[in-house]
>>> print(open('target-v1.pdb').read())   # PDB, C-alpha atoms
ATOM      1  CA  MET A   1      91.863 111.607  51.502
ATOM      2  CA  LEU A   2      89.492 114.408  50.554
ATOM      3  CA  SER A   3      87.538 116.275  53.170
ATOM      4  CA  LYS A   4      83.821 115.595  53.189
ATOM      5  CA  SER A   5      83.009 119.107  51.936
ATOM      6  CA  THR A   6      85.494 118.853  49.053
ATOM      7  CA  SER A   7      84.129 115.460  48.091
ATOM      8  CA  GLN A   8      80.582 116.861  48.148
ATOM      9  CA  VAL A   9      81.584 119.786  45.914
ATOM     10  CA  ILE A  10      83.159 117.452  43.365
ATOM     11  CA  ASP A  11      80.063 115.232  43.483
ATOM     12  CA  GLN A  12      77.840 118.275  42.939
ATOM     13  CA  PHE A  13      79.951 119.326  39.944
ATOM     14  CA  GLN A  14      79.817 115.796  38.535
ATOM     15  CA  ASN A  15      76.032 115.665  38.959
ATOM     16  CA  THR A  16      75.637 118.998  37.184
ATOM     17  CA  LEU A  17      77.739 117.722  34.280
ATOM     18  CA  LYS A  18      75.574 114.601  34.115
ATOM     19  CA  GLN A  19      72.470 116.793  34.113
ATOM     20  CA  LEU A  20      73.978 118.822  31.258
ATOM     21  CA  HIS A  21      74.568 115.590  29.341
ATOM     22  CA  THR A  22      70.948 114.556  29.910
ATOM     23  CA  THR A  23      69.741 117.945  28.692
ATOM     24  CA  LEU A  24      71.844 117.565  25.548
ATOM     25  CA  ILE A  25      70.349 114.236  24.579
ATOM     26  CA  SER A  26      66.762 115.243  25.275
ATOM     27  CA  ALA A  27      64.582 116.075  22.305
ATOM     28  CA  PRO A  28      63.802 118.790  21.572
ATOM     29  CA  LEU A  29      66.881 120.488  22.930
ATOM     30  CA  ASP A  30      65.980 123.221  25.415
ATOM     31  CA  SER A  31      68.625 125.915  24.931
ATOM     32  CA  THR A  32      67.513 127.880  28.007
ATOM     33  CA  ASP A  33      67.867 124.829  30.235
ATOM     34  CA  LEU A  34      71.188 124.061  28.586
ATOM     35  CA  LYS A  35      72.510 127.559  29.338
ATOM     36  CA  GLN A  36      71.289 127.457  32.937
ATOM     37  CA  THR A  37      72.768 124.038  33.622
ATOM     38  CA  PHE A  38      76.108 125.009  32.111
ATOM     39  CA  GLN A  39      76.177 128.238  34.146
ATOM     40  CA  GLN A  40      75.498 126.216  37.287
ATOM     41  CA  ALA A  41      78.424 123.895  36.473
ATOM     42  CA  LYS A  42      80.645 126.867  35.645
ATOM     43  CA  VAL A  43      79.846 128.692  38.888
ATOM     44  CA  THR A  44      80.367 125.530  40.954
ATOM     45  CA  PHE A  45      83.716 124.949  39.298
ATOM     46  CA  GLN A  46      84.960 128.537  39.559
ATOM     47  CA  THR A  47      83.799 129.308  43.073
ATOM     48  CA  GLN A  48      84.094 125.995  44.846
ATOM     49  CA  ILE A  49      86.402 123.619  43.015
ATOM     50  CA  MET A  50      89.049 126.141  41.969
ATOM     51  CA  GLY A  51      88.933 127.381  45.551
ATOM     52  CA  ILE A  52      89.744 123.996  47.050
ATOM     53  CA  ASN A  53      92.463 124.342  49.613
ATOM     54  CA  GLU A  54      95.616 122.521  48.564
ATOM     55  CA  SER A  55      95.942 121.221  52.133
ATOM     56  CA  ASP A  56      93.005 118.922  51.310
ATOM     57  CA  PHE A  57      95.419 116.829  49.267
ATOM     58  CA  ASP A  58      98.355 114.719  50.324
ATOM     59  CA  PRO A  59     101.664 116.134  48.996
ATOM     60  CA  PRO A  60     102.360 113.116  46.725
ATOM     61  CA  VAL A  61      99.139 113.658  44.744
ATOM     62  CA  GLU A  62      98.911 117.440  44.976
ATOM     63  CA  SER A  63     100.611 118.126  41.626
ATOM     64  CA  LYS A  64      98.515 115.469  39.909
ATOM     65  CA  ILE A  65      95.320 117.019  41.289
ATOM     66  CA  GLN A  66      96.462 120.470  40.189
ATOM     67  CA  SER A  67      96.980 119.077  36.685
ATOM     68  CA  TYR A  68      93.441 117.695  36.658
ATOM     69  CA  LEU A  69      92.067 121.031  37.849
ATOM     70  CA  THR A  70      94.018 122.909  35.169
ATOM     71  CA  GLU A  71      92.750 120.564  32.454
ATOM     72  CA  THR A  72      89.211 120.802  33.799
ATOM     73  CA  HIS A  73      89.417 124.587  33.661
ATOM     74  CA  LYS A  74      90.585 124.437  30.046
ATOM     75  CA  GLN A  75      87.867 121.948  29.072
ATOM     76  CA  MET A  76      85.186 124.077  30.744
ATOM     77  CA  ARG A  77      86.242 127.074  28.650
ATOM     78  CA  LEU A  78      86.180 124.947  25.503
ATOM     79  CA  LEU A  79      82.806 123.523  26.478
ATOM     80  CA  GLU A  80      81.422 127.032  26.777
ATOM     81  CA  MET A  81      82.593 127.812  23.245
ATOM     82  CA  ASP A  82      81.195 124.515  21.942
ATOM     83  CA  LEU A  83      77.803 125.326  23.439
ATOM     84  CA  LYS A  84      77.805 128.733  21.769
ATOM     85  CA  PHE A  85      78.675 127.173  18.425
ATOM     86  CA  LEU A  86      75.941 124.564  18.924
ATOM     87  CA  GLN A  87      73.335 127.256  19.433
ATOM     88  CA  VAL A  88      74.223 129.037  16.189
ATOM     89  CA  SER A  89      74.607 125.944  14.019
ATOM     90  CA  HIS A  90      71.993 125.971  11.284
ATOM     91  CA  GLN A  91      72.647 122.780   9.368
ATOM     92  CA  SER A  92      71.695 119.479  10.945
ATOM     93  CA  ALA A  93      75.074 117.897  10.131
ATOM     94  CA  THR A  94      76.894 120.743  11.868
ATOM     95  CA  PHE A  95      74.519 120.515  14.819
ATOM     96  CA  ARG A  96      75.127 116.762  15.190
ATOM     97  CA  THR A  97      78.902 117.253  14.946
ATOM     98  CA  ARG A  98      78.835 119.940  17.639
ATOM     99  CA  LEU A  99      76.600 117.796  19.817
ATOM    100  CA  THR A 100      79.023 114.883  19.571
ATOM    101  CA  GLN A 101      81.952 117.169  20.445
ATOM    102  CA  ILE A 102      80.116 118.442  23.501
ATOM    103  CA  GLN A 103      79.219 114.948  24.655
ATOM    104  CA  ASN A 104      82.849 113.849  24.280
ATOM    105  CA  ARG A 105      84.015 116.893  26.232
ATOM    106  CA  LEU A 106      81.505 116.151  29.001
ATOM    107  CA  ASP A 107      82.751 112.554  29.177
ATOM    108  CA  LEU A 108      86.304 113.873  29.513
ATOM    109  CA  LEU A 109      85.285 116.299  32.273
ATOM    110  CA  LEU A 110      83.494 113.515  34.131
ATOM    111  CA  SER A 111      86.579 111.312  33.880
ATOM    112  CA  TYR A 112      88.718 114.091  35.400
ATOM    113  CA  GLY A 113      86.380 114.363  38.375
ATOM    114  CA  GLU A 114      86.421 110.601  38.851
ATOM    115  CA  ALA A 115      90.221 110.597  38.642
ATOM    116  CA  ILE A 116      90.497 113.291  41.314
ATOM    117  CA  VAL A 117      88.328 111.319  43.711
ATOM    118  CA  LYS A 118      90.115 108.052  42.899
ATOM    119  CA  ASP A 119      93.667 109.419  43.156
ATOM    120  CA  VAL A 120      93.157 111.092  46.481
TER     121      VAL A 120
END
>>> encode(input="target-v1.pdb", output="structure tokens")
Amino acid sequence: MLSKSTSQVIDQFQNTLKQLHTTLISAPLDSTDLKQTFQQAKVTFQTQIMGINESDFDPPVESKIQSYLTETHKQMRLLEMDLKFLQVSHQSATFRTRLTQIQNRLDLLLSYGEAIVKDV
């Protein structure tokens, strides 16, 4: 079972990702808001989630949780690159493709957070 503080941190991260998704689908796309929301998610992940004490997890699920955290870290880095590419895309087809990639990546990140909470 997760501690209350760890559960709150994961919920906060999940909510920030959902907010990022909402920002992405809003028209017109506000790139400043997009950057700020992503930075908030990034800081929450780096400072609070990556700093979760392994003693918060039961030994049987600890390696599984570590795998989720590693994959989340990788997906966050890729998301950052996707957002940069989105901002410099000039053609509407490229923009839509990048937007779809970002939305899929956000869905994947959200599923990792849900899996962490469910598995623990």
>>> resolve_selection(input="target-v1.pdb", expression="the PyMOL selection byres ((chain A and resi 16) around 10)", output="PyMOL selection string")
chain A and resi 10-15+17-22+37-42+44
>>> resolve_selection(input="target-v1.pdb", expression="the PyMOL selection byres ((chain A and resi 68-71) around 10)", output="ChimeraX atom specification")
/A:45,49-50,52,62-67,72-77,108-109,111-113,115-116
>>> atom_distance(input="target-v1.pdb", atom1="CA of Glu114 (chain A)", atom2="CA of Ser3 (chain A)")
15.4 Å
>>> closest_atom_pairs(input="target-v1.pdb", of="region 14-69 of chain A", to="region 84-99 of chain A", cutoff="9 Å", atoms="all atoms listed in the file", output="CSV")
residue,atom,partner,partner_atom,distance
A:Leu24,CA,A:Leu99,CA,7.5
A:Ile25,CA,A:Leu99,CA,8.6
A:Ser31,CA,A:Gln87,CA,7.4
>>> closest_residue(input="target-v1.pdb", among="A:Pro60, A:Gln46, A:Gln36, A:Gly51", to="Leu83 (chain A)", atoms="all atoms listed in the file")
A:Gln36
>>> atom_distance(input="target-v1.pdb", atom1="CA of Asp33 (chain A)", atom2="CA of Ser5 (chain A)")
27.1 Å
>>> closest_residue(input="target-v1.pdb", among="A:Asp119, A:Asp58, A:Lys35, A:Leu79", to="Thr23 (chain A)", atoms="all atoms listed in the file")
A:Lys35
>>> atom_distance(input="target-v1.pdb", atom1="CA of Val9 (chain A)", atom2="CA of Leu110 (chain A)")
13.5 Å
>>> closest_residue(input="target-v1.pdb", among="A:Lys4, A:Lys118, A:Leu78, A:Ile102", to="Val61 (chain A)", atoms="only C-alpha atoms")
A:Lys118
>>> axis_aligned_box(input="target-v1.pdb", around="region 94-102 of chain A", padding_each_side="4 Å", output="JSON")
{"center_x": 78.2, "center_y": 117.8, "center_z": 17.7, "size_x": 15.4, "size_y": 13.9, "size_z": 19.6}
